[in-house]
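Here the structure is laid out as structure tokens; the discussion comes afterwards.
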2 protein chains.
Amino acid sequence: MLEPFAVKPIGVVRSSVKEPPMGGREGLESTIVVQDRWADALDGLDGFSHIFVIYWMHVVSEERRETTTHVHPRGDPRNPLQGVFATRSPVRPNPIGLRVVALLERRGNVLRVRGLDAIDGTPVLDLKPYLFYYDGVAESTVADWAHKPAEDSWES
Amino acid sequence: MLEPFAVKPIGVVRSSVKEPPMGGREGLESTIVVQDRWADALDGLDGFSHIFVIYWMHVVSEERRETTTHVHPRGDPRNPLQGVFATRSPVRPNPIGLRVVALLERRGNVLRVRGLDAIDGTPVLDLKPYLFYYDGVAESTVADWAHKPAEDSWES
């Protein structure tokens, strides 16, 4: 049950930001170029104002991911060390990134989005419609270090 | 850039539900048993009331995933065919499941959660804290077929 699986990029991020950090650019527009063979699988996605993008944070080395269990959240030593699963750090066993973005336009196999926290060249693994009745939990509470959004984020 | 990556389960779901469909069991409690080597990476996660669970919907055959671009949402033929990325169907190129759950308790390498839409034995790939200021988009809008939650869901 615990053997690895093969996950296949279905597309790639194109962004003006070429390397981390992203720098808290909520307003940043970028595009997702989906492989031609999966273009039709986007049909209907533009019926949704927001989508989840699931991507592979490919910059972090496997060695670092395999040996790191704790990090200072947001790379800030003033934040107490936390287990990597308690953070949104890219340093984690599987460097899977997750972000809700505004879907501005779909044209064929290309999506234009706003708010994607992923650098140019990032492989995209999956796209899902955002459904507030499943995905929005207004009454959720967070740890002390996480009360405010990061000032400078790349899966922060 | 588009070669496959190896994604490693970091744990497994233990649930009273042994096969799909899950049947809209928002109140269902289940557990996530994390591998011993990653137990410490959970430190601090219980500071959050809700977490994202990212899992591998292992029941769908690779052949079906590779050849399906459109599905009737929620398996209901009354819903018009949509591209798989416009749905939460488990039939998608990478069968990555995503759910926000309530974290009830962490004890060592075991998490007790409520609302996880994954059957017993499902491999878990990642866990992330839920941060409403990133992950909650109250003003989001959806396609007509998706106005209400599914009555019977397994990544619906």
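Here's how to read the names in the structure tokens: chain A, B, ... by the order shown, residue numbers from 1 in each chain, ligand numbers from 1 in the order shown.
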### Task
Could you give me, as a PyMOL selection string, the residues within 12 Å of Arg88 of chain B, counting only C-alpha atoms and dropping anything in the same chain fewer than 4 positions from it?
(chain A and resi 45+51-52+126-131+134-135) or (chain B and resi 57+70-75+82-84+92+94-99+117+146+149-150+153-156)
### Query
When the cut-off is 6 Å and we count only C-alpha atoms, which residues of chain A are near chain B, given as a PyMOL selection string?
chain A and resi 2+4-9+41-45+47-50+69+82-86+127-129+136+140-143
### Task
Enumerate, as a ChimeraX atom specification, the complete set of residues in segment 10-154 of chain B that a backbone-based DSSP assignment places in strand (DSSP E or B).
/B:11-14,29-34,50-56,70-71,82-83,96-107,110-114,123-129
Serialized selection, C-alpha atoms, as a compact mmCIF listing (two decimals), in the first residue's frame:
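New file again30.txt:
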# COMPACT_ATOMS: atom_id res chain seq x y z
CA GLY B 11 0.13 7.39 5.44
CA VAL B 12 -3.17 5.62 4.96
CA VAL B 13 -6.86 6.20 5.74
CA ARG B 14 -8.62 3.87 8.16
CA GLU B 29 -15.14 10.04 11.54
CA SER B 30 -12.08 8.26 10.28
CA THR B 31 -8.39 8.12 11.08
CA ILE B 32 -5.22 8.82 9.17
CA VAL B 33 -2.29 6.66 10.19
CA VAL B 34 0.93 8.41 9.24
CA HIS B 50 -9.32 22.10 9.93
CA ILE B 51 -6.78 20.60 7.55
CA PHE B 52 -6.54 19.66 3.90
CA VAL B 53 -6.04 15.97 3.21
CA ILE B 54 -4.57 15.19 -0.20
CA TYR B 55 -4.94 11.55 -1.13
CA TRP B 56 -4.70 9.07 -3.99
CA HIS B 70 -15.56 13.86 -20.00
CA VAL B 71 -17.93 12.58 -17.31
CA GLN B 82 -18.22 18.06 -18.41
CA GLY B 83 -14.48 17.85 -18.82
CA ILE B 96 -5.60 13.15 -6.54
CA GLY B 97 -8.35 13.70 -3.99
CA LEU B 98 -8.68 16.82 -1.88
CA ARG B 99 -10.85 17.39 1.14
CA VAL B 100 -11.07 19.82 4.01
CA VAL B 101 -11.71 17.93 7.23
CA ALA B 102 -12.12 18.80 10.88
CA LEU B 103 -9.10 17.67 12.88
CA LEU B 104 -10.47 16.19 16.09
CA GLU B 105 -7.31 14.82 17.67
CA ARG B 106 -3.69 14.03 17.02
CA ARG B 107 -2.10 11.24 19.00
CA VAL B 110 -2.55 9.05 14.23
CA LEU B 111 -5.04 11.78 13.32
CA ARG B 112 -8.73 11.48 14.02
CA VAL B 113 -10.75 13.53 11.52
CA ARG B 114 -14.36 14.20 10.55
CA PRO B 123 -3.08 6.30 0.46
CA VAL B 124 -2.49 9.80 1.85
CA LEU B 125 0.01 12.03 0.02
CA ASP B 126 0.01 15.26 2.00
CA LEU B 127 -1.56 17.19 4.87
CA LYS B 128 -1.77 20.98 5.10
CA PRO B 129 -3.25 23.43 7.59
#### Entry: Atom-to-atom span, atom CA of Asn79 of chain B and atom CA of Arg25 of chain B, Å
21.7 Å
### Task
Calculate how many Å separate atom CA of Ala118 of chain B from atom CA of Ser15 of chain B, rounding to one decimal.
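Taking atom CA of Ala118 of chain B as the start and atom CA of Ser15 of chain B as the end point, the length is 7.9 Å.
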#### Entry: Nearest to Val59 of chain A, chosen from A:Asp36, A:Glu19, A:Glu151, A:Asp76, with only C-alpha atoms counted in the distances
A:Glu19
### Task
Please give the complete set of residues from segment 2-145 of chain A that DSSP, run on the backbone, assigns to alpha helix (DSSP H), formatted as a PyMOL selection string.
chain A and resi 62-67+132-135
Write out the residues from the selection above, keeping N, CA and C atoms, as a CSV table (one decimal), in the first residue's frame.
chain,number,residue,atom,x,y,z
A,62,GLU,N,15.2,16.6,-3.6
A,62,GLU,CA,14.6,15.5,-2.9
A,62,GLU,C,15.3,15.2,-1.6
A,63,GLU,N,16.6,15.4,-1.6
A,63,GLU,CA,17.4,15.1,-0.3
A,63,GLU,C,16.8,16.0,0.8
A,64,ARG,N,16.6,17.3,0.5
A,64,ARG,CA,16.1,18.1,1.6
A,64,ARG,C,14.7,17.7,2.0
A,65,ARG,N,13.9,17.3,1.1
A,65,ARG,CA,12.5,16.9,1.4
A,65,ARG,C,12.5,15.6,2.2
A,66,GLU,N,13.5,14.7,2.0
A,66,GLU,CA,13.5,13.4,2.6
A,66,GLU,C,14.0,13.5,4.1
A,67,THR,N,14.8,14.6,4.4
A,67,THR,CA,15.4,14.7,5.7
A,67,THR,C,14.9,15.8,6.6
A,132,PHE,N,-17.6,26.3,-2.7
A,132,PHE,CA,-17.5,26.9,-1.3
A,132,PHE,C,-18.2,26.0,-0.3
A,133,TYR,N,-19.3,25.3,-0.6
A,133,TYR,CA,-19.9,24.4,0.4
A,133,TYR,C,-19.1,23.3,0.8
A,134,TYR,N,-18.1,22.9,0.0
A,134,TYR,CA,-17.1,21.9,0.5
A,134,TYR,C,-15.9,22.5,1.0
A,135,ASP,N,-15.4,23.5,0.3
A,135,ASP,CA,-14.0,24.0,0.4
A,135,ASP,C,-13.9,25.2,1.3
#### Entry: Two-atom distance - atom CA of Asp120 of chain B, atom CA of Met22 of chain B (Å)
10.4 Å
